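Shown here: work_3.tsv, TSV, C-alpha atoms.
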chain	number	residue	atom	x	y	z
A	1	MET	CA	5.31	14.46	-1.63
A	2	SER	CA	4.65	11.30	-3.64
A	3	GLN	CA	2.30	10.13	-0.85
A	4	GLU	CA	-0.24	12.59	-2.24
A	5	LEU	CA	0.81	12.13	-5.84
A	6	ARG	CA	-1.98	10.92	-8.12
A	7	ALA	CA	-1.14	9.79	-11.62
A	8	VAL	CA	-4.87	9.56	-12.42
A	9	GLY	CA	-7.61	11.93	-11.25
A	10	TRP	CA	-11.18	12.82	-12.17
A	11	THR	CA	-11.93	16.53	-12.47
A	12	GLY	CA	-15.71	16.28	-12.68
A	13	ASN	CA	-15.99	16.05	-16.46
A	14	SER	CA	-12.54	14.96	-17.65
A	15	LEU	CA	-9.57	12.77	-16.74
A	16	ALA	CA	-6.41	14.41	-15.41
A	17	LEU	CA	-3.24	12.43	-16.11
A	18	ILE	CA	0.30	13.29	-15.10
A	19	ASP	CA	2.17	13.18	-18.41
A	20	GLN	CA	4.89	10.70	-17.51
A	21	THR	CA	6.62	11.12	-20.86
A	22	LEU	CA	7.77	14.58	-19.67
A	23	LEU	CA	9.15	13.63	-16.25
A	24	PRO	CA	11.48	14.34	-14.52
A	25	HIS	CA	12.07	17.68	-16.24
A	26	ARG	CA	8.44	18.83	-16.49
A	27	ASN	CA	5.51	17.89	-14.29
A	28	GLU	CA	2.45	18.62	-16.41
A	29	ILE	CA	-1.16	17.45	-16.35
A	30	MET	CA	-2.90	16.23	-19.50
A	31	ASP	CA	-6.61	17.00	-19.60
A	32	VAL	CA	-8.32	14.06	-21.33
A	33	ARG	CA	-11.87	14.64	-22.61
A	34	ASP	CA	-12.37	11.97	-25.27
A	35	VAL	CA	-11.70	8.30	-25.92
A	36	ASP	CA	-9.19	8.84	-28.73
A	37	THR	CA	-6.99	10.94	-26.47
A	38	LEU	CA	-7.18	8.39	-23.65
A	39	VAL	CA	-6.27	5.45	-25.89
A	40	ASP	CA	-3.35	7.44	-27.27
A	41	ALA	CA	-2.24	8.39	-23.74
A	42	ILE	CA	-2.24	4.76	-22.65
A	43	GLN	CA	-0.35	3.59	-25.72
A	44	ARG	CA	2.23	6.41	-25.56
A	45	LEU	CA	2.79	5.75	-21.84
A	46	VAL	CA	1.53	9.13	-20.71
A	47	VAL	CA	-0.09	6.91	-18.09
A	48	ARG	CA	1.59	3.55	-17.42
A	49	GLY	CA	1.87	0.90	-14.77
A	50	ALA	CA	-0.82	-1.77	-14.60
A	51	PRO	CA	-2.83	-0.37	-11.64
A	52	ALA	CA	-2.69	3.22	-12.96
A	53	ILE	CA	-3.83	2.06	-16.39
A	54	GLY	CA	-6.64	0.16	-14.68
A	55	ALA	CA	-7.80	3.30	-12.87
A	56	ALA	CA	-7.59	5.31	-16.11
A	57	GLY	CA	-9.63	2.65	-17.90
A	58	ALA	CA	-12.27	2.68	-15.18
A	59	TYR	CA	-12.76	6.42	-15.58
A	60	GLY	CA	-12.51	5.93	-19.34
A	61	VAL	CA	-15.94	4.30	-19.28
A	62	ALA	CA	-17.30	7.58	-17.92
A	63	LEU	CA	-15.44	9.48	-20.64
A	64	ALA	CA	-17.06	7.30	-23.29
A	65	LEU	CA	-20.50	7.97	-21.84
A	66	ILE	CA	-19.91	11.74	-21.74
A	67	GLU	CA	-18.48	11.80	-25.27
A	68	GLY	CA	-21.33	9.64	-26.50
A	69	GLU	CA	-23.87	12.06	-25.07
A	70	ARG	CA	-22.00	15.01	-26.58
A	71	GLU	CA	-21.65	13.41	-30.02
A	72	GLY	CA	-25.01	11.66	-30.20
A	73	TRP	CA	-23.59	8.13	-30.20
A	74	THR	CA	-25.75	5.05	-29.96
A	75	GLU	CA	-25.25	2.66	-27.05
A	76	GLU	CA	-23.48	0.32	-29.44
A	77	GLN	CA	-21.01	3.07	-30.38
A	78	VAL	CA	-20.33	3.87	-26.72
A	79	ARG	CA	-19.67	0.20	-25.98
A	80	ALA	CA	-17.31	0.02	-28.98
A	81	ALA	CA	-15.41	3.02	-27.61
A	82	VAL	CA	-15.10	1.30	-24.22
A	83	ALA	CA	-13.78	-1.81	-25.98
A	84	ARG	CA	-11.05	0.30	-27.59
A	85	ILE	CA	-9.97	1.54	-24.17
A	86	ARG	CA	-10.02	-2.00	-22.77
A	87	GLU	CA	-7.73	-3.25	-25.53
A	88	ALA	CA	-5.30	-0.31	-25.56
A	89	ARG	CA	-2.50	-2.36	-23.94
A	90	PRO	CA	-2.94	-6.13	-24.11
A	91	THR	CA	-0.49	-7.45	-21.51
A	92	ALA	CA	-1.60	-5.54	-18.40
A	93	VAL	CA	-4.64	-7.40	-17.06
A	94	ASN	CA	-5.69	-4.60	-14.67
A	95	LEU	CA	-6.96	-2.51	-17.57
A	96	MET	CA	-9.38	-5.22	-18.67
A	97	VAL	CA	-10.41	-6.16	-15.12
A	98	CYS	CA	-11.17	-2.57	-14.09
A	99	VAL	CA	-13.05	-1.70	-17.27
A	100	ASP	CA	-15.12	-4.88	-16.98
A	101	ARG	CA	-15.90	-4.12	-13.33
A	102	VAL	CA	-17.13	-0.62	-14.06
A	103	MET	CA	-19.13	-1.88	-17.05
A	104	THR	CA	-21.27	-3.95	-14.66
A	105	ARG	CA	-22.88	-0.60	-13.73
A	106	PHE	CA	-23.02	0.77	-17.27
A	107	GLY	CA	-26.80	0.44	-17.44
A	108	GLU	CA	-27.23	2.56	-14.31
A	109	GLY	CA	-25.81	5.66	-15.97
A	110	LEU	CA	-22.91	8.05	-15.56
A	111	GLU	CA	-23.09	8.64	-11.80
A	112	ALA	CA	-23.02	4.91	-11.06
A	113	VAL	CA	-20.05	4.43	-13.40
A	114	LEU	CA	-18.15	7.26	-11.72
A	115	GLU	CA	-18.98	5.87	-8.29
A	116	GLU	CA	-17.56	2.47	-9.24
A	117	ALA	CA	-14.46	4.01	-10.81
A	118	ALA	CA	-13.80	5.96	-7.60
A	119	VAL	CA	-14.09	2.72	-5.61
A	120	VAL	CA	-11.58	1.06	-7.96
A	121	GLN	CA	-9.15	3.89	-7.34
A	122	ARG	CA	-9.65	3.93	-3.56
A	123	GLU	CA	-9.29	0.17	-3.25
A	124	ASP	CA	-6.00	0.23	-5.16
A	125	VAL	CA	-4.49	2.77	-2.76
A	126	GLU	CA	-5.67	0.70	0.21
A	127	ALA	CA	-4.25	-2.45	-1.35
A	128	ASN	CA	-0.91	-0.75	-1.97
A	129	ARG	CA	-0.67	0.34	1.65
A	130	ALA	CA	-1.43	-3.17	2.84
A	131	MET	CA	1.08	-4.85	0.53
A	132	GLY	CA	3.74	-2.35	1.61
A	133	ALA	CA	3.34	-3.49	5.19
A	134	HIS	CA	3.13	-7.20	4.30
A	135	GLY	CA	6.22	-7.01	2.10
A	136	ALA	CA	8.30	-5.12	4.66
A	137	ASP	CA	7.30	-7.52	7.46
A	138	TRP	CA	8.15	-10.56	5.33
A	139	LEU	CA	11.51	-9.22	4.18
A	140	LEU	CA	12.66	-8.18	7.65
A	141	LYS	CA	11.72	-11.58	9.06
A	142	ARG	CA	13.23	-13.50	6.15
A	143	LEU	CA	16.52	-11.58	6.25
A	144	ALA	CA	16.86	-11.26	10.03
A	145	ALA	CA	19.37	-14.07	10.33
A	146	SER	CA	21.64	-12.80	7.55
A	147	VAL	CA	21.50	-9.02	8.00
A	148	GLY	CA	20.53	-8.55	11.62
A	149	ASP	CA	19.29	-5.04	12.38
A	150	ARG	CA	21.15	-3.21	9.65
A	151	PRO	CA	19.16	-1.36	6.97
A	152	LEU	CA	18.47	-3.22	3.74
A	153	ARG	CA	19.86	-2.67	0.27
A	154	ILE	CA	17.10	-3.17	-2.30
A	155	LEU	CA	17.15	-3.42	-6.10
A	156	THR	CA	14.10	-2.57	-8.18
A	157	HIS	CA	13.28	-2.52	-11.89
A	158	CYS	CA	11.08	-0.08	-13.85
A	159	ASN	CA	8.65	2.14	-11.94
A	160	THR	CA	6.20	0.76	-9.39
A	161	GLY	CA	5.44	3.83	-7.29
A	162	ALA	CA	2.59	6.30	-7.02
A	163	LEU	CA	3.04	7.09	-10.71
A	164	ALA	CA	2.32	3.48	-11.67
A	165	THR	CA	-0.69	3.03	-9.42
A	166	ALA	CA	-3.68	4.87	-8.01
A	167	GLY	CA	-1.36	6.01	-5.22
A	168	TRP	CA	1.49	4.95	-2.85
A	169	GLY	CA	2.95	2.14	-4.99
A	170	THR	CA	3.42	-1.63	-5.16
A	171	ALA	CA	7.10	-2.65	-5.07
A	172	LEU	CA	8.05	0.96	-4.37
A	173	GLY	CA	5.38	0.94	-1.68
A	174	VAL	CA	7.31	-1.83	0.11
A	175	ILE	CA	10.46	0.24	-0.27
A	176	ARG	CA	8.73	3.32	1.12
A	177	GLU	CA	7.51	1.29	4.10
A	178	LEU	CA	11.04	0.07	4.84
A	179	HIS	CA	12.26	3.66	4.62
A	180	ALA	CA	9.53	4.84	7.01
A	181	ARG	CA	10.65	2.19	9.51
A	182	GLY	CA	14.29	3.26	9.27
A	183	ARG	CA	15.24	-0.09	7.73
A	184	LEU	CA	16.37	1.00	4.26
A	185	GLU	CA	19.97	1.83	3.41
A	186	VAL	CA	19.88	2.34	-0.33
A	187	VAL	CA	17.94	1.49	-3.49
A	188	TYR	CA	19.49	0.39	-6.79
A	189	ALA	CA	17.07	1.56	-9.50
A	190	ASP	CA	17.58	-0.06	-12.89
A	191	GLU	CA	17.35	2.58	-15.61
A	192	THR	CA	14.87	0.38	-17.56
A	193	ARG	CA	15.54	0.57	-21.27
A	194	PRO	CA	14.32	1.62	-23.73
A	195	LEU	CA	12.12	4.34	-22.18
A	196	LEU	CA	14.02	4.79	-18.89
A	197	GLN	CA	11.12	4.52	-16.47
A	198	GLY	CA	13.62	3.70	-13.73
A	199	SER	CA	15.88	6.70	-14.19
A	200	ARG	CA	13.12	9.14	-15.18
A	201	LEU	CA	10.32	8.07	-12.85
A	202	THR	CA	11.52	5.83	-10.01
A	203	ALA	CA	14.50	8.06	-9.29
A	204	TRP	CA	12.21	11.09	-9.36
A	205	GLU	CA	9.89	9.50	-6.79
A	206	LEU	CA	12.83	8.46	-4.61
A	207	VAL	CA	14.09	12.05	-4.65
A	208	GLN	CA	10.67	13.25	-3.44
A	209	GLU	CA	10.93	10.83	-0.52
A	210	GLY	CA	14.56	11.63	0.30
A	211	ILE	CA	15.52	7.97	-0.21
A	212	PRO	CA	19.22	7.34	-1.02
A	213	HIS	CA	19.57	5.58	-4.34
A	214	TYR	CA	21.73	4.77	-7.35
A	215	VAL	CA	20.50	4.63	-10.93
A	216	GLN	CA	22.26	1.87	-12.82
A	217	ALA	CA	22.21	0.43	-16.33
A	218	ASP	CA	19.97	-2.61	-16.68
A	219	GLY	CA	23.03	-4.63	-17.66
A	220	ALA	CA	24.67	-3.80	-14.32
A	221	ALA	CA	21.90	-5.37	-12.22
A	222	ALA	CA	23.13	-8.97	-12.27
A	223	GLY	CA	26.66	-7.97	-11.35
A	224	THR	CA	25.45	-5.76	-8.50
A	225	ILE	CA	23.47	-8.70	-7.13
A	226	LEU	CA	26.24	-11.29	-7.55
A	227	ARG	CA	28.81	-9.01	-5.86
A	228	GLY	CA	26.69	-9.12	-2.72
A	229	GLU	CA	25.66	-5.45	-2.86
A	230	VAL	CA	21.92	-6.23	-2.72
A	231	ASP	CA	19.87	-7.98	-0.01
A	232	ALA	CA	16.71	-8.44	-2.07
A	233	ALA	CA	15.01	-7.37	-5.29
A	234	ILE	CA	11.43	-6.14	-5.43
A	235	VAL	CA	9.55	-5.62	-8.71
A	236	GLY	CA	5.98	-5.09	-9.84
A	237	ALA	CA	3.88	-7.04	-12.34
A	238	ASP	CA	1.54	-6.51	-15.26
A	239	ARG	CA	-0.01	-9.98	-15.23
A	240	ILE	CA	0.49	-12.98	-12.95
A	241	ALA	CA	-0.59	-16.43	-14.12
A	242	ALA	CA	-2.26	-19.01	-11.87
A	243	ASN	CA	1.06	-20.85	-11.43
A	244	GLY	CA	2.95	-17.69	-10.38
A	245	ASP	CA	4.63	-16.96	-13.71
A	246	THR	CA	4.90	-13.17	-13.85
A	247	ALA	CA	4.92	-10.77	-16.79
A	248	ASN	CA	6.70	-7.52	-15.99
A	249	LYS	CA	8.78	-4.89	-17.73
A	250	VAL	CA	11.39	-6.43	-20.02
A	251	GLY	CA	14.62	-7.06	-18.13
A	252	THR	CA	12.91	-8.44	-15.02
A	253	VAL	CA	13.70	-12.09	-15.67
A	254	GLY	CA	17.45	-11.33	-15.66
A	255	VAL	CA	17.10	-9.83	-12.19
A	256	ALA	CA	15.25	-12.94	-11.01
A	257	LEU	CA	17.92	-15.28	-12.40
A	258	ALA	CA	20.68	-13.32	-10.66
A	259	CYS	CA	18.78	-13.38	-7.37
A	260	ALA	CA	18.33	-17.15	-7.65
A	261	ASP	CA	22.05	-17.62	-8.25
A	262	ALA	CA	22.96	-15.33	-5.35
A	263	GLY	CA	20.42	-16.95	-3.02
A	264	ILE	CA	18.59	-13.72	-2.15
A	265	PRO	CA	14.83	-13.04	-2.22
A	266	PHE	CA	13.15	-11.97	-5.44
A	267	LEU	CA	9.77	-10.43	-4.59
A	268	VAL	CA	6.89	-9.50	-6.87
A	269	ALA	CA	4.50	-6.93	-5.39
A	270	ALA	CA	1.10	-6.51	-7.07
A	271	PRO	CA	-2.57	-6.25	-6.12
A	272	THR	CA	-4.80	-9.28	-6.59
A	273	THR	CA	-6.33	-7.53	-9.62
A	274	THR	CA	-3.05	-8.29	-11.41
A	275	VAL	CA	-3.47	-12.03	-10.81
A	276	ASP	CA	-5.20	-13.62	-13.81
A	277	LEU	CA	-6.43	-17.03	-12.71
A	278	ALA	CA	-7.81	-17.64	-16.20
A	279	THR	CA	-4.23	-17.68	-17.48
A	280	ALA	CA	-2.69	-21.01	-16.50
A	281	THR	CA	0.98	-20.24	-17.18
A	282	GLY	CA	3.22	-17.53	-18.53
A	283	ASP	CA	3.20	-19.22	-21.92
A	284	ASP	CA	-0.39	-17.97	-22.31
A	285	ILE	CA	0.44	-14.30	-21.62
A	286	HIS	CA	0.38	-12.10	-24.69
A	287	ILE	CA	3.59	-10.03	-24.83
A	288	GLU	CA	3.16	-6.59	-26.34
A	289	LEU	CA	5.64	-5.73	-29.09
A	290	ARG	CA	6.18	-1.99	-29.33
A	291	GLY	CA	7.48	0.09	-32.21
A	292	GLU	CA	11.01	-0.40	-33.53
A	293	ALA	CA	11.91	3.26	-33.14
A	294	GLU	CA	12.10	2.94	-29.35
A	295	VAL	CA	15.20	0.75	-29.66
A	296	LEU	CA	16.63	1.99	-32.97
A	297	GLU	CA	16.51	5.71	-32.17
A	298	TRP	CA	17.37	8.05	-29.32
A	299	ALA	CA	15.47	11.35	-29.02
A	300	GLY	CA	14.44	10.98	-32.65
A	301	VAL	CA	17.98	10.37	-33.92
A	302	ARG	CA	18.77	7.02	-35.52
A	303	THR	CA	21.45	5.18	-33.49
A	304	ALA	CA	21.41	1.84	-35.36
A	305	PRO	CA	22.28	1.22	-39.01
A	306	ALA	CA	19.49	1.91	-41.46
A	307	GLU	CA	19.37	-1.77	-42.36
A	308	SER	CA	18.83	-2.93	-38.76
A	309	ARG	CA	15.45	-4.03	-37.49
A	310	GLY	CA	14.28	-3.53	-33.93
A	311	HIS	CA	12.98	-6.22	-31.57
A	312	ASN	CA	11.08	-4.44	-28.81
A	313	PRO	CA	9.08	-6.66	-26.44
A	314	ALA	CA	7.68	-4.48	-23.67
A	315	PHE	CA	7.60	-7.34	-21.16
A	316	ASP	CA	9.20	-10.65	-20.30
A	317	VAL	CA	7.92	-13.54	-18.18
A	318	THR	CA	9.66	-14.68	-15.00
A	319	PRO	CA	8.89	-18.34	-14.20
A	320	GLY	CA	7.16	-18.87	-10.86
A	321	ARG	CA	10.04	-21.08	-9.68
A	322	LEU	CA	12.17	-17.92	-9.50
A	323	VAL	CA	9.60	-15.87	-7.54
A	324	THR	CA	10.52	-16.17	-3.88
A	325	GLY	CA	7.45	-14.29	-2.76
A	326	LEU	CA	4.33	-12.72	-4.28
A	327	VAL	CA	3.19	-9.81	-2.14
A	328	THR	CA	-0.48	-8.84	-2.42
A	329	GLU	CA	-2.82	-6.93	-0.13
A	330	ARG	CA	-3.73	-10.29	1.43
A	331	GLY	CA	-0.20	-11.29	2.42
A	332	VAL	CA	2.80	-13.06	0.91
A	333	LEU	CA	2.71	-16.28	-1.11
A	334	GLU	CA	6.02	-18.14	-1.31
A	335	VAL	CA	5.58	-19.13	-4.93
A	336	SER	CA	8.93	-20.87	-5.46
A	337	ALA	CA	8.06	-23.07	-2.45
A	338	GLY	CA	4.80	-24.19	-4.08
A	339	GLU	CA	2.25	-21.63	-2.88
A	340	PHE	CA	0.53	-20.82	-6.17
A	341	PRO	CA	-1.94	-17.97	-6.75
A	342	GLY	CA	-4.38	-20.34	-8.43
A	343	GLU	CA	-4.63	-22.34	-5.22
A	344	ARG	CA	-4.41	-19.61	-2.59
A	345	LEU	CA	-6.08	-16.48	-3.99

In structure tokens, write the structure found in this file.
Amino acid sequence: MSQELRAVGWTGNSLALIDQTLLPHRNEIMDVRDVDTLVDAIQRLVVRGAPAIGAAGAYGVALALIEGEREGWTEEQVRAAVARIREARPTAVNLMVCVDRVMTRFGEGLEAVLEEAAVVQREDVEANRAMGAHGADWLLKRLAASVGDRPLRILTHCNTGALATAGWGTALGVIRELHARGRLEVVYADETRPLLQGSRLTAWELVQEGIPHYVQADGAAAGTILRGEVDAAIVGADRIAANGDTANKVGTVGVALACADAGIPFLVAAPTTTVDLATATGDDIHIELRGEAEVLEWAGVRTAPAESRGHNPAFDVTPGRLVTGLVTERGVLEVSAGEFPGERL
């Protein structure tokens, strides 16, 4: 079912987004016809996941052109609207890369922009399929000596499936490939505080695939790994620096540290569009701070004292030395062994 799932789609004159804030209880499509609505949808996580945001941004250029024609905007106003889309979430590099790519055809008009956006979307699905195969091959080879032919037990963090991409998935794409080969025993899905993308979205996708899984508290992940209940962890990424430092959903670095201590692989799966060679190290990655309410409230009800302030970084940075392998559509780089994206991609 999730094989055909599309978080982002173009209807012909508007953008159709699965409203991920409503899952798993309601599966509804948001019809986006203007730039304000798209920017709000990106910031509220109606659409989320770096590749999916990139696809939405690519089609957002077309939305800006259509709205500009409808409202009588000047070219300068249309470009300003595109800039707002591009800057809607600052950490995920795919949004900027995809918008900039589509803007190279801005002067050719709407049809050319839509054509390029469709190519962006198609290429992401193809890349996801390829990295799924590369990641599964690498893991099975790497773990052959320790696990033999038994199915693998995999831990993942946040959501990296079809909902987070143009289709199929990155880290979850590797998991789906293992499942298709009959080499997956179970998945441990971290709930992913504070917005529960793991329990709401990853678990929902795993159910669609019939993949056995447990949802666990983020704080349980390290213990699960250190007790020997996990063979490898696979996560996605929102930006990867030239030295392999990786920004991903907050809580990821704790998983990486536990994997390093346990001596098991920690894989990052992401398309090459997520690799930002202009960013030398993780120290240069801007970390988005979200609103305090997400950590001080639950379902609109205050759970912390009125005097408490909230610290709510959306991402953390895992040092490249902890990244056993970076899986892209081109293969696997063993980053912790010195194969850096800046030198190999």

Given all atoms listed in the file, how would the per-residue table for region 246-301 of chain A near region 120-138 of chain A read, listing every residue at most 8 Å away with its closest atom pair and distance in Å to one decimal, sorted by chain and number, as JSON lines?
{"residue": "A:Ala269", "atom": "CA", "partner": "A:Met131", "partner_atom": "CA", "distance": 7.1}
{"residue": "A:Ala270", "atom": "CA", "partner": "A:Met131", "partner_atom": "CA", "distance": 7.8}
{"residue": "A:Pro271", "atom": "CA", "partner": "A:Ala127", "partner_atom": "CA", "distance": 6.3}

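The spacing separating CA of Ala164 (chain A) from CA of Arg48 (chain A) amounts to 5.8 Å.
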
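The space separating CA of Met96 (chain A) from CA of Ser199 (chain A) comes to 28.3 Å.
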
Within 12 Å of Glu343 (chain A), counting only C-alpha atoms, which residues show up once you throw out same-chain ones fewer than 2 positions away? Write them as a PyMOL selection string, please. chain A and resi 241-244+275+277+280+333+335+338-341+345

Which neighbours of region 54-56 of chain A fall inside 6 Å, counting all atoms listed in the file, when residues of the same chain fewer than 3 positions from it are skipped, and could you give them as a ChimeraX atom specification? /A:51,59-60,94-95,98,121

To one decimal place in Å, what is the distance between CA of Thr328 (chain A) and CA of Pro265 (chain A)? 15.9 Å

Just give me the residues with any atom within 12 Å of (12.9, -4.6, -5.4), file coordinates, counting only C-alpha atoms, written as a VMD selection string. chain A and resid 132 135 to 136 139 152 to 161 170 to 176 178 184 186 to 190 198 202 221 225 230 to 237 252 255 to 256 259 264 to 269 323 to 327

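Closest to Val215 (chain A) among A:Glu191, A:Leu5, A:Val35, A:Asp238 is A:Glu191, based on only C-alpha atoms.
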
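Closest approach to Gly251 (chain A) among A:Thr21, A:Thr224, A:Gln208, A:Thr318: A:Thr318, based on all atoms listed in the file.
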
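Distances from A:Gly263, A:Ala64, A:Ala52, A:Leu17 to Glu76 (chain A) were compared using all atoms listed in the file, and the smallest one belongs to A:Ala64.
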
Could you list, as a ChimeraX atom specification, every residue within 7 Å of region 30-33 of chain A, counting only C-alpha atoms and ignoring same-chain residues fewer than 5 positions away? /A:14-19,38,63

Expected file: the selected residues, C-alpha atoms, as a PDB file, in the frame of the given file:
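Result written to result-v1.pdb:
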ATOM      1  CA  SER A  14     -12.540  14.960 -17.650  1.00  0.00           C
ATOM      2  CA  LEU A  15      -9.570  12.770 -16.740  1.00  0.00           C
ATOM      3  CA  ALA A  16      -6.410  14.410 -15.410  1.00  0.00           C
ATOM      4  CA  LEU A  17      -3.240  12.430 -16.110  1.00  0.00           C
ATOM      5  CA  ILE A  18       0.300  13.290 -15.100  1.00  0.00           C
ATOM      6  CA  ASP A  19       2.170  13.180 -18.410  1.00  0.00           C
ATOM      7  CA  LEU A  38      -7.180   8.390 -23.650  1.00  0.00           C
ATOM      8  CA  LEU A  63     -15.440   9.480 -20.640  1.00  0.00           C
TER       9      LEU A  63
END

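In terms of minimum interatomic distance to Ile66 (chain A), A:Leu110 ranks closest within A:Lys249, A:Gln43, A:Leu110, A:His25, counting only C-alpha atoms.
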
Expected axis-aligned box over every listed atom of region 131-148 of chain A, 8 Å added per side, centre plus edges in Å to one decimal, as lines of an AutoDock Vina configuration file:
center_x = 11.4
center_y = -8.2
center_z = 6.1
size_x = 36.6
size_y = 27.7
size_z = 27.1

Within 7 Å of (4.0, 8.0, -5.2) (file coordinates; all atoms listed in the file), which protein or nucleic acid residues are there? I'd like them as a ChimeraX atom specification. /A:2-5,161-163,167-169,205

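With only C-alpha atoms as the atoms that count, the minimum distance from Val8 (chain A) to the choices A:Asp245, A:Gly107, A:Ala278, A:Ala58 is reached by A:Ala58.
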
Selected residue, from A:Val82, A:Arg330, A:Thr192, A:Leu201, that lies nearest to Ala217 (chain A) when counting only C-alpha atoms: A:Thr192
